[in-house]
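Have a look at structure_31.cif; it's mmCIF, C-alpha atoms:
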```
data_structure
#
loop_
_atom_site.label_atom_id
_atom_site.label_comp_id
_atom_site.auth_asym_id
_atom_site.auth_seq_id
_atom_site.Cartn_x
_atom_site.Cartn_y
_atom_site.Cartn_z
CA MET A 1 24.93 -183.40 -75.52
CA ASP A 2 22.02 -185.84 -75.52
CA PHE A 3 21.57 -188.03 -72.42
CA ASP A 4 21.46 -191.75 -73.21
CA PHE A 5 18.59 -193.33 -71.26
CA GLN A 6 19.97 -196.77 -72.00
CA TRP A 7 22.68 -196.24 -69.34
CA LEU A 8 20.01 -195.33 -66.82
CA LEU A 9 18.05 -198.46 -67.60
CA LEU A 10 21.20 -200.53 -67.14
CA GLY A 11 22.34 -198.68 -63.98
CA LEU A 12 19.13 -199.01 -61.97
CA PRO A 13 19.16 -202.83 -61.78
CA VAL A 14 22.89 -202.77 -60.90
CA ALA A 15 22.36 -200.24 -58.09
CA PHE A 16 19.42 -202.27 -56.77
CA ALA A 17 21.50 -205.45 -56.80
CA LEU A 18 24.40 -203.79 -54.99
CA GLY A 19 22.01 -202.39 -52.33
CA TRP A 20 20.41 -205.78 -51.83
CA VAL A 21 23.83 -207.46 -51.38
CA ALA A 22 24.93 -204.79 -48.89
CA SER A 23 21.74 -205.16 -46.85
CA ARG A 24 22.16 -208.91 -46.71
CA LEU A 25 25.73 -208.53 -45.48
CA ASP A 26 24.64 -206.07 -42.76
CA LEU A 27 21.76 -208.34 -41.75
CA ARG A 28 24.08 -211.33 -41.44
CA GLN A 29 26.51 -209.29 -39.36
CA LEU A 30 23.69 -208.11 -37.08
CA ARG A 31 22.35 -211.62 -36.67
CA ARG A 32 25.81 -212.94 -35.85
CA GLU A 33 26.36 -210.21 -33.23
CA ASN A 34 22.92 -210.81 -31.73
CA ARG A 35 23.66 -214.52 -31.50
CA GLU A 36 27.04 -213.92 -29.89
CA ALA A 37 25.81 -211.36 -27.30
CA PRO A 38 23.00 -213.49 -25.80
CA LYS A 39 25.29 -216.51 -25.84
CA ALA A 40 27.89 -214.67 -23.75
CA TYR A 41 25.18 -213.23 -21.52
CA PHE A 42 23.57 -216.59 -20.78
CA LYS A 43 26.97 -218.15 -20.26
CA GLY A 44 27.74 -215.51 -17.62
CA LEU A 45 24.34 -215.99 -15.99
CA ASN A 46 24.86 -219.75 -15.79
CA LEU A 47 28.30 -219.29 -14.22
CA LEU A 48 26.86 -216.80 -11.75
CA LEU A 49 24.16 -219.24 -10.68
CA ASN A 50 26.86 -221.85 -10.16
CA GLU A 51 28.73 -219.37 -7.92
CA GLN A 52 31.69 -219.16 -10.30
CA GLN A 53 32.01 -215.39 -10.10
CA ASP A 54 35.46 -215.10 -11.70
CA LYS A 55 34.36 -216.88 -14.88
CA ALA A 56 31.01 -215.05 -14.84
CA ILE A 57 32.81 -211.70 -14.84
CA ASP A 58 34.89 -212.76 -17.84
CA ALA A 59 31.73 -213.78 -19.69
CA PHE A 60 29.97 -210.49 -18.92
CA ILE A 61 33.03 -208.50 -20.00
CA GLU A 62 32.90 -210.36 -23.32
CA ALA A 63 29.17 -209.57 -23.64
CA VAL A 64 29.79 -205.87 -22.91
CA GLN A 65 32.48 -205.77 -25.60
CA HIS A 66 29.99 -207.17 -28.12
CA ASP A 67 27.31 -204.67 -27.10
CA PRO A 68 28.83 -201.72 -25.20
CA ASP A 69 25.52 -199.82 -25.17
CA THR A 70 23.76 -202.39 -22.95
CA ALA A 71 23.28 -200.71 -19.56
CA GLU A 72 21.97 -203.83 -17.82
CA LEU A 73 25.21 -205.70 -18.50
CA HIS A 74 27.17 -202.83 -17.00
CA PHE A 75 25.02 -202.90 -13.88
CA THR A 76 25.46 -206.66 -13.54
CA LEU A 77 29.20 -206.37 -14.04
CA GLY A 78 29.53 -203.54 -11.52
CA ASN A 79 27.54 -205.43 -8.89
CA LEU A 80 29.73 -208.49 -9.38
CA PHE A 81 32.87 -206.44 -8.92
CA ARG A 82 31.46 -204.96 -5.71
CA ARG A 83 30.52 -208.37 -4.32
CA ARG A 84 34.04 -209.61 -4.95
CA GLY A 85 35.54 -206.60 -3.21
CA GLU A 86 36.97 -205.10 -6.41
CA PHE A 87 35.57 -201.67 -5.59
CA GLU A 88 37.87 -199.74 -7.92
CA ARG A 89 36.66 -201.72 -10.94
CA ALA A 90 33.03 -201.36 -9.81
CA VAL A 91 33.50 -197.59 -9.55
CA ARG A 92 34.95 -197.46 -13.08
CA VAL A 93 32.00 -199.38 -14.50
CA HIS A 94 29.39 -197.14 -12.88
CA GLU A 95 31.29 -193.94 -13.68
CA HIS A 96 31.46 -195.09 -17.31
CA LEU A 97 27.68 -195.45 -17.29
CA LEU A 98 27.23 -191.97 -15.83
CA ALA A 99 29.49 -190.51 -18.54
CA ARG A 100 27.20 -191.75 -21.30
CA GLY A 101 25.06 -189.01 -22.80
CA ASP A 102 22.35 -191.37 -24.06
CA LEU A 103 21.58 -192.91 -20.66
CA LYS A 104 17.96 -192.65 -19.55
CA ALA A 105 17.18 -190.60 -16.44
CA HIS A 106 16.15 -193.65 -14.37
CA ASP A 107 19.27 -195.57 -15.36
CA ARG A 108 21.40 -192.53 -14.55
CA ASP A 109 19.94 -192.36 -11.03
CA ARG A 110 20.41 -196.09 -10.70
CA ALA A 111 24.05 -195.79 -11.69
CA GLN A 112 24.51 -192.93 -9.21
CA TYR A 113 23.06 -195.07 -6.41
CA ALA A 114 25.27 -198.02 -7.41
CA LEU A 115 28.29 -195.70 -7.33
CA ALA A 116 27.32 -194.58 -3.80
CA GLN A 117 27.15 -198.24 -2.76
CA ASP A 118 30.63 -198.81 -4.21
CA PHE A 119 32.06 -195.95 -2.17
CA MET A 120 30.22 -197.14 0.93
CA ARG A 121 31.58 -200.67 0.70
CA ALA A 122 35.06 -199.32 0.01
CA GLY A 123 34.94 -197.22 3.19
CA LEU A 124 35.09 -193.91 1.29
CA PHE A 125 32.37 -192.33 3.39
CA ASP A 126 32.85 -188.75 2.23
CA ARG A 127 32.49 -189.73 -1.43
CA ALA A 128 29.57 -192.04 -0.60
CA GLU A 129 27.80 -189.19 1.18
CA ALA A 130 28.34 -186.86 -1.78
CA ALA A 131 27.01 -189.51 -4.19
CA CYS A 132 23.91 -190.07 -2.05
CA ARG A 133 23.26 -186.33 -1.79
CA LYS A 134 22.95 -186.14 -5.59
CA LEU A 135 19.95 -188.50 -5.42
CA GLU A 136 17.71 -186.16 -3.41
CA GLY A 137 14.32 -185.83 -5.08
CA THR A 138 14.91 -188.78 -7.43
CA ALA A 139 13.34 -192.24 -7.50
CA PHE A 140 16.25 -193.43 -5.34
CA ASP A 141 15.82 -190.75 -2.69
CA VAL A 142 14.62 -193.16 0.01
CA GLU A 143 17.33 -195.74 -0.73
CA ALA A 144 19.95 -192.99 -0.64
CA LYS A 145 18.71 -191.70 2.73
CA LEU A 146 18.75 -195.22 4.17
CA SER A 147 22.33 -195.56 2.99
CA LEU A 148 23.17 -192.20 4.55
CA LEU A 149 21.63 -193.35 7.82
CA ALA A 150 23.86 -196.43 7.83
CA LEU A 151 26.84 -194.26 6.91
CA TYR A 152 26.23 -191.82 9.76
CA GLU A 153 25.88 -194.71 12.20
CA ARG A 154 29.19 -196.20 11.10
CA SER A 155 30.93 -192.83 11.28
CA ARG A 156 29.16 -192.06 14.60
CA ASP A 157 27.76 -188.78 13.31
CA TRP A 158 24.69 -188.98 15.53
CA GLN A 159 23.27 -185.52 14.84
CA GLN A 160 23.20 -186.16 11.09
CA ALA A 161 21.70 -189.59 11.78
CA ILE A 162 18.88 -187.97 13.77
CA GLU A 163 18.11 -185.52 10.95
CA THR A 164 18.14 -188.28 8.33
CA ALA A 165 15.88 -190.54 10.42
CA GLU A 166 13.39 -187.69 10.82
CA GLN A 167 13.43 -187.11 7.05
CA LEU A 168 12.70 -190.80 6.44
CA GLU A 169 9.78 -190.65 8.85
CA ARG A 170 8.36 -187.66 6.96
CA LEU A 171 8.68 -189.67 3.74
CA GLY A 172 6.46 -192.35 5.28
CA GLN A 173 9.15 -194.98 5.79
CA GLY A 174 7.90 -196.06 9.20
CA SER A 175 8.87 -195.11 12.72
CA PHE A 176 12.49 -194.42 13.64
CA VAL A 177 11.87 -193.40 17.26
CA THR A 178 13.81 -196.35 18.65
CA ARG A 179 16.87 -195.45 16.60
CA VAL A 180 16.57 -191.75 17.41
CA ALA A 181 16.43 -192.57 21.12
CA HIS A 182 19.67 -194.56 20.74
CA TYR A 183 21.27 -191.67 18.85
CA GLN A 184 20.34 -189.27 21.66
CA CYS A 185 21.87 -191.69 24.19
CA GLU A 186 25.07 -191.75 22.14
CA LEU A 187 25.11 -187.94 22.10
CA ALA A 188 24.64 -187.93 25.88
CA LEU A 189 27.55 -190.31 26.42
CA ALA A 190 29.78 -188.24 24.13
CA ALA A 191 28.78 -185.03 25.95
CA ASP A 192 29.54 -186.58 29.34
CA ALA A 193 32.93 -187.74 28.08
CA GLN A 194 33.70 -184.10 27.17
CA GLY A 195 32.45 -182.77 30.49
CA GLN A 196 29.33 -181.18 28.97
CA SER A 197 26.90 -182.16 31.71
CA ASP A 198 23.96 -179.98 30.64
CA GLN A 199 24.08 -181.22 27.04
CA ALA A 200 24.22 -184.83 28.24
CA GLN A 201 21.18 -184.38 30.47
CA ALA A 202 19.25 -182.64 27.69
CA ALA A 203 20.04 -185.44 25.23
CA LEU A 204 18.80 -188.10 27.66
CA GLU A 205 15.61 -186.14 28.31
CA ARG A 206 15.03 -185.92 24.54
CA ALA A 207 15.58 -189.66 24.26
CA CYS A 208 12.93 -190.34 26.90
CA GLN A 209 10.53 -187.94 25.17
CA VAL A 210 11.09 -189.41 21.70
CA ASP A 211 10.54 -192.98 22.89
CA PRO A 212 9.14 -193.31 26.44
CA TYR A 213 9.62 -197.08 26.16
CA ALA A 214 13.32 -196.86 25.29
CA ALA A 215 15.02 -199.10 27.84
CA ARG A 216 18.45 -197.67 27.19
CA ALA A 217 17.40 -194.07 27.84
CA TRP A 218 16.05 -194.81 31.34
CA LEU A 219 18.97 -197.12 32.10
CA VAL A 220 21.63 -194.57 31.12
CA LEU A 221 19.74 -191.79 32.88
CA GLY A 222 19.81 -193.82 36.10
CA GLN A 223 23.50 -194.61 35.68
CA ARG A 224 24.22 -190.93 35.22
CA LYS A 225 22.29 -190.03 38.37
CA ALA A 226 24.20 -192.69 40.28
CA ARG A 227 27.55 -191.27 39.13
CA MET A 228 26.45 -187.82 40.24
CA GLY A 229 25.71 -189.09 43.76
CA ASP A 230 21.91 -188.97 43.42
CA PRO A 231 20.71 -192.45 44.49
CA LEU A 232 17.05 -191.41 44.65
CA GLY A 233 17.23 -189.98 41.13
CA ALA A 234 18.86 -193.19 39.91
CA MET A 235 16.15 -195.30 41.55
CA GLN A 236 13.41 -193.17 40.00
CA ALA A 237 14.87 -193.63 36.52
CA TRP A 238 15.27 -197.37 37.02
CA ASP A 239 11.77 -197.67 38.49
CA GLU A 240 10.53 -196.23 35.20
CA LEU A 241 12.67 -198.79 33.37
CA ARG A 242 11.12 -201.52 35.53
CA ARG A 243 7.69 -200.27 34.49
CA VAL A 244 8.23 -199.89 30.73
CA LYS A 245 10.72 -202.74 30.09
CA PRO A 246 10.73 -205.14 33.04
CA ALA A 247 12.89 -207.70 31.22
CA SER A 248 15.68 -205.12 30.76
CA PHE A 249 15.66 -204.18 34.44
CA ALA A 250 17.83 -207.21 35.24
CA LEU A 251 20.73 -205.33 33.60
CA VAL A 252 20.80 -202.85 36.51
CA ALA A 253 19.31 -204.92 39.31
CA SER A 254 22.59 -205.05 41.21
CA ASP A 255 23.13 -201.28 40.90
CA TYR A 256 19.52 -200.69 41.94
CA ALA A 257 20.13 -202.62 45.15
CA LYS A 258 23.26 -200.55 45.89
CA MET A 259 21.41 -197.27 45.30
CA ALA A 260 18.56 -198.44 47.54
CA GLN A 261 21.03 -199.17 50.33
CA SER A 262 22.61 -195.73 49.90
CA ALA A 263 19.21 -194.02 49.97
CA GLY A 264 17.98 -196.00 52.98
CA ARG A 265 15.23 -197.68 50.99
CA ALA A 266 16.38 -201.28 51.09
CA SER A 267 13.05 -202.69 52.30
CA GLN A 268 11.00 -200.91 49.59
CA ALA A 269 13.47 -201.96 46.92
CA ARG A 270 13.44 -205.55 48.15
CA GLU A 271 9.65 -205.71 47.86
CA ALA A 272 9.76 -204.21 44.36
CA LEU A 273 12.37 -206.74 43.26
CA ARG A 274 10.44 -209.61 44.83
CA THR A 275 7.34 -208.57 42.87
CA LEU A 276 9.31 -208.37 39.63
CA TYR A 277 11.00 -211.71 40.36
CA GLN A 278 7.59 -213.37 40.59
CA GLN A 279 6.82 -212.07 37.10
CA ALA A 280 10.18 -212.76 35.44
CA PRO A 281 12.59 -214.86 37.52
CA SER A 282 16.29 -214.34 36.90
CA MET A 283 19.52 -214.87 38.79
CA ALA A 284 20.35 -211.16 38.54
CA LEU A 285 17.16 -210.25 40.39
CA LEU A 286 17.57 -213.01 42.97
CA THR A 287 21.16 -212.02 43.70
CA SER A 288 20.09 -208.40 44.19
CA ILE A 289 17.26 -209.45 46.50
CA HIS A 290 19.70 -211.46 48.61
CA ALA A 291 22.08 -208.50 48.83
CA LEU A 292 19.26 -206.34 50.18
CA GLU A 293 18.05 -209.00 52.60
CA GLU A 294 21.49 -209.54 54.10
CA THR A 295 21.78 -205.83 54.93
CA SER A 296 18.23 -205.42 56.28
CA THR A 297 17.95 -208.63 58.37
CA PRO A 298 18.70 -208.21 62.10
CA GLN A 299 22.11 -209.62 63.00
CA SER A 300 20.86 -211.42 66.14
CA ASP A 301 20.72 -214.64 64.17
CA PRO A 302 23.25 -214.48 61.29
CA SER A 303 22.33 -217.98 60.13
CA LEU A 304 18.79 -216.84 59.26
CA PRO A 305 19.57 -214.86 56.06
CA LYS A 306 22.00 -217.56 54.90
CA ALA A 307 19.33 -220.23 55.25
CA GLU A 308 16.83 -218.10 53.32
CA VAL A 309 19.34 -217.50 50.54
CA THR A 310 20.00 -221.21 50.19
CA ALA A 311 16.29 -222.00 50.22
CA ASP A 312 15.67 -219.38 47.51
CA LEU A 313 18.40 -220.85 45.34
CA VAL A 314 16.98 -224.35 45.75
CA ARG A 315 13.54 -223.13 44.65
CA HIS A 316 15.00 -221.15 41.75
CA LEU A 317 16.99 -224.16 40.57
CA LYS A 318 13.88 -226.30 40.76
CA ASN A 319 11.83 -223.88 38.66
CA SER A 320 14.64 -222.74 36.34
CA ALA A 321 17.35 -225.36 35.97
CA THR A 322 20.17 -223.09 34.85
CA LEU A 323 23.86 -223.69 35.39
CA SER A 324 24.23 -220.27 36.98
CA ALA A 325 21.71 -221.19 39.68
CA ALA A 326 23.44 -224.53 40.26
CA GLN A 327 26.77 -222.75 40.42
CA ALA A 328 25.50 -220.29 43.03
CA LEU A 329 23.93 -223.07 45.10
CA LEU A 330 27.02 -225.25 45.04
CA ASN A 331 29.14 -222.33 46.20
CA ARG A 332 26.94 -221.76 49.28
CA PRO A 333 28.91 -222.62 52.46
CA ASP A 334 25.81 -224.10 54.12
CA PHE A 335 24.94 -226.41 51.24
CA GLN A 336 25.26 -229.99 52.53
CA ALA A 337 26.97 -232.54 50.31
CA HIS A 338 30.09 -234.68 50.20
CA GLU A 339 33.07 -232.35 49.81
CA ASP A 340 34.89 -234.64 47.40
CA ALA A 341 31.90 -234.71 45.08
CA LEU A 342 31.30 -230.99 45.50
CA GLN A 343 34.77 -230.07 44.31
CA GLY A 344 34.34 -231.93 41.02
CA ILE A 345 30.81 -230.62 40.55
CA ARG A 346 31.91 -227.04 41.14
CA LYS A 347 34.68 -227.35 38.58
CA ALA A 348 32.42 -228.94 35.97
CA VAL A 349 29.60 -226.46 36.49
CA ASP A 350 31.98 -223.48 36.42
CA ARG A 351 33.44 -224.64 33.11
CA ALA A 352 30.03 -225.38 31.58
CA ALA A 353 28.39 -222.19 32.81
CA LYS A 354 30.85 -219.69 31.32
CA PRO A 355 29.87 -220.07 27.62
CA LEU A 356 26.19 -219.76 28.55
CA GLN A 357 26.67 -216.63 30.65
CA ARG A 358 26.93 -214.54 27.51
CA TYR A 359 24.58 -212.31 25.51
CA HIS A 360 23.55 -213.43 22.04
CA CYS A 361 22.61 -211.19 19.09
CA ALA A 362 19.31 -212.36 17.64
CA ALA A 363 20.15 -210.83 14.25
CA CYS A 364 23.59 -212.28 13.46
CA GLY A 365 24.48 -214.60 16.34
CA PHE A 366 27.32 -212.48 17.74
CA GLU A 367 28.07 -213.41 21.37
CA ALA A 368 29.66 -211.25 24.04
CA GLN A 369 30.31 -211.28 27.77
CA GLN A 370 28.90 -207.76 28.14
CA TYR A 371 25.58 -206.36 26.96
CA PHE A 372 25.53 -204.22 23.80
CA TRP A 373 22.76 -201.90 22.66
CA GLN A 374 24.16 -202.01 19.11
CA CYS A 375 25.62 -205.29 17.93
CA PRO A 376 29.34 -204.94 17.08
CA GLY A 377 28.92 -207.63 14.44
CA CYS A 378 25.92 -206.55 12.34
CA LEU A 379 25.32 -203.04 13.81
CA SER A 380 21.67 -203.86 14.60
CA TRP A 381 20.05 -201.92 17.42
CA ASP A 382 18.31 -203.70 20.32
CA SER A 383 19.17 -207.11 18.85
CA PHE A 384 20.59 -208.41 22.16
CA PRO A 385 17.92 -209.87 24.48
CA PRO A 386 18.54 -208.67 28.04
CA GLN A 387 18.85 -212.29 29.20
CA THR A 388 21.97 -214.41 28.88
CA ILE A 389 21.93 -217.40 26.54
CA GLU A 390 20.88 -219.88 29.19
CA GLU A 391 18.00 -217.70 30.40
CA ALA A 392 16.67 -216.61 27.02
#
```
Render the structure in this file as structure tokens.
Amino acid sequence: MDFDFQWLLLGLPVAFALGWVASRLDLRQLRRENREAPKAYFKGLNLLLNEQQDKAIDAFIEAVQHDPDTAELHFTLGNLFRRRGEFERAVRVHEHLLARGDLKAHDRDRAQYALAQDFMRAGLFDRAEAACRKLEGTAFDVEAKLSLLALYERSRDWQQAIETAEQLERLGQGSFVTRVAHYQCELALAADAQGQSDQAQAALERACQVDPYAARAWLVLGQRKARMGDPLGAMQAWDELRRVKPASFALVASDYAKMAQSAGRASQAREALRTLYQQAPSMALLTSIHALEETSTPQSDPSLPKAEVTADLVRHLKNSATLSAAQALLNRPDFQAHEDALQGIRKAVDRAAKPLQRYHCAACGFEAQQYFWQCPGCLSWDSFPPQTIEEA
């Protein structure tokens, strides 16, 4: 049977025309999808900038539906869910990214780190730790270790925190000696609570070795010596504190005076406190000095130490006009003034002084009556100045 080339000549133009029509239809569809996806994306971005997160999430979900292969939209959506506290939805988004076989290695590590952050914010520390462990040796290794450090602090796993901090130092992420010293102090307190005296002492010695300028290490070491009935040992530790961090010494000035009295070294302690008071005046130091003077002054003239105390308070109030100093002066029995006026002044000063006799976190503003080495609000270390609000 002979092949008719006329059909071939007629078929080629028809096939070309059909192909051209099909390509135009596909091109129009692609252009329409590309127009719709950026429109939804920019709509979500605009809503996000206007802090309308609920509507922004809806817009990004719409954009993801138009282009499900866009990893950046998934990351944006997952981060929005996490910020709103919808951790379960954030986890699903990032797990969906990890399940994709075509995801680039960097984006896969990024999704793994985002998943670890989801678990961390949700309080699922065991799953967060496992997710961070998978990032060892990747581009997110440092970020993962920093997250692990925060996780171990929150879960009070101090030994793991020490190991992680040392790893970060080896990676060139700066010095972590201050944190490690705090971790050793926490281990010492935990060991003491369990009756493990040797372990507690060893932890405090390591803290002092790691950071010789760690105020907390010397302070806790002195407190431990005092509890064990070793006043000289307590004074030695606090003398070192006075040398390396004189501003923090005010936290134990009263205890230092008591230990000096027990050890029979009231006069030496009084001179040391007087010297420090000249450098950094504070009511805590002055009160401790007065306690030592009252015990060391001969009792032949009992009015003599009282007069000196009042004179000291007058000078302190003149140089440092704090409400605490005024309160102490007004409460002196030998302070001369009209009693009717004194009663009102005492009441007013007492009420005004209380809010200022607190410690203030420099990182987040948290205030507390007692001194904290780690802020309960923001978990920062050493963010509390050793002075109260009115003396800072």
### Task
Measure the distance from CA of Arg224 (chain A) to CA of Trp238 (chain A) in Å and round it to one decimal.
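Separation between CA of Arg224 (chain A) and CA of Trp238 (chain A): 11.2 Å.
CA of Ser383 (chain A) lies 12.6 Å from CA of Ser248 (chain A).
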### Atomic distance CA of Ser380 (chain A) - CA of Val91 (chain A), expressed in Å with one decimal
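CA of Ser380 (chain A) sits 27.6 Å away from CA of Val91 (chain A).
For the set A:Pro385, A:Gly233, A:Gly78, A:Pro281, the residue with the smallest atom-to-atom gap to Glu367 (chain A) is A:Pro385, counting only C-alpha atoms.
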#### Entry: Expansion of the PyMOL selection byres ((chain A and resi 147-153) around 8) into residues, as a VMD selection string
chain A and resid 117 120 125 129 132 143 to 146 154 to 158 160 to 161 164 to 165
### Message
Give me the residues near Gly377 (chain A) as a ChimeraX atom specification, where near means some atom within 9 Å (using only C-alpha atoms) and where sequence neighbours in that chain fewer than 2 positions away do not count.
### Response
/A:361,364-366,374-375,379-380
Selected residues written out, C-alpha atoms, as a tab-separated table (two decimals), in the frame of the given file:
```tsv
chain	number	residue	atom	x	y	z
A	361	CYS	CA	22.61	-211.19	19.09
A	364	CYS	CA	23.59	-212.28	13.46
A	365	GLY	CA	24.48	-214.60	16.34
A	366	PHE	CA	27.32	-212.48	17.74
A	374	GLN	CA	24.16	-202.01	19.11
A	375	CYS	CA	25.62	-205.29	17.93
A	379	LEU	CA	25.32	-203.04	13.81
A	380	SER	CA	21.67	-203.86	14.60
```
### Task
Would you please work out which residue, of A:Glu205, A:Asp107, A:Asp312, A:Glu166, is nearest to Gln184 (chain A) when using only C-alpha atoms?
A:Glu205
### Task
List the neighbours of Leu204 (chain A) out to 7 Å using only C-alpha atoms; skip same-chain residues closer than 6 positions along the sequence, and give me the result as a ChimeraX atom specification.
/A:184-185,188,217,221
Kindly resolve the PyMOL selection byres ((chain A and resi 222) around 8) on the present coordinates and return the residues as an mmCIF file with C-alpha atoms, in the frame of the given file.
```
data_model
loop_
_atom_site.group_PDB
_atom_site.id
_atom_site.type_symbol
_atom_site.label_atom_id
_atom_site.label_comp_id
_atom_site.auth_asym_id
_atom_site.auth_seq_id
_atom_site.Cartn_x
_atom_site.Cartn_y
_atom_site.Cartn_z
ATOM 1 C CA TRP A 218 16.050 -194.810 31.340
ATOM 2 C CA LEU A 219 18.970 -197.120 32.100
ATOM 3 C CA VAL A 220 21.630 -194.570 31.120
ATOM 4 C CA LEU A 221 19.740 -191.790 32.880
ATOM 5 C CA GLN A 223 23.500 -194.610 35.680
ATOM 6 C CA ARG A 224 24.220 -190.930 35.220
ATOM 7 C CA LYS A 225 22.290 -190.030 38.370
ATOM 8 C CA ALA A 226 24.200 -192.690 40.280
ATOM 9 C CA GLY A 233 17.230 -189.980 41.130
ATOM 10 C CA ALA A 234 18.860 -193.190 39.910
ATOM 11 C CA MET A 235 16.150 -195.300 41.550
ATOM 12 C CA GLN A 236 13.410 -193.170 40.000
ATOM 13 C CA ALA A 237 14.870 -193.630 36.520
ATOM 14 C CA TRP A 238 15.270 -197.370 37.020
#
```
### Task
Could you tell me which residues the PyMOL selection byres ((chain A and resi 262) around 12) grabs in this file, written as number ranges by chain?
A: 226, 229-235, 255-261, 263-266, 269, 292, 295
### Query
Which residues come within 10 Å of Leu313 (chain A), counting all atoms listed in the file, excluding same-chain residues fewer than 3 positions away, as a VMD selection string?
chain A and resid 283 286 to 287 307 to 310 316 to 320 325 to 330 332
Please enclose the listed atoms of region 99-104 of chain A in an axis-aligned box, pad each side by 8 Å, and write out the centre and the three edge lengths in Å, rounded to one decimal, as lines of an AutoDock Vina configuration file.
```
center_x = 23.7
center_y = -191.0
center_z = -21.3
size_x = 27.5
size_y = 19.9
size_z = 21.5
```
Point (30.4, -193.7, -15.6), cut-off 12 Å, counting only C-alpha atoms, residues as a CSV table (one decimal) with C-alpha atoms, in the frame of the given file:
```csv
chain,number,residue,atom,x,y,z
A,71,ALA,CA,23.3,-200.7,-19.6
A,74,HIS,CA,27.2,-202.8,-17.0
A,75,PHE,CA,25.0,-202.9,-13.9
A,78,GLY,CA,29.5,-203.5,-11.5
A,89,ARG,CA,36.7,-201.7,-10.9
A,90,ALA,CA,33.0,-201.4,-9.8
A,91,VAL,CA,33.5,-197.6,-9.6
A,92,ARG,CA,35.0,-197.5,-13.1
A,93,VAL,CA,32.0,-199.4,-14.5
A,94,HIS,CA,29.4,-197.1,-12.9
A,95,GLU,CA,31.3,-193.9,-13.7
A,96,HIS,CA,31.5,-195.1,-17.3
A,97,LEU,CA,27.7,-195.4,-17.3
A,98,LEU,CA,27.2,-192.0,-15.8
A,99,ALA,CA,29.5,-190.5,-18.5
A,100,ARG,CA,27.2,-191.8,-21.3
A,101,GLY,CA,25.1,-189.0,-22.8
A,102,ASP,CA,22.4,-191.4,-24.1
A,103,LEU,CA,21.6,-192.9,-20.7
A,107,ASP,CA,19.3,-195.6,-15.4
A,108,ARG,CA,21.4,-192.5,-14.6
A,109,ASP,CA,19.9,-192.4,-11.0
A,110,ARG,CA,20.4,-196.1,-10.7
A,111,ALA,CA,24.0,-195.8,-11.7
A,112,GLN,CA,24.5,-192.9,-9.2
A,113,TYR,CA,23.1,-195.1,-6.4
A,114,ALA,CA,25.3,-198.0,-7.4
A,115,LEU,CA,28.3,-195.7,-7.3
```
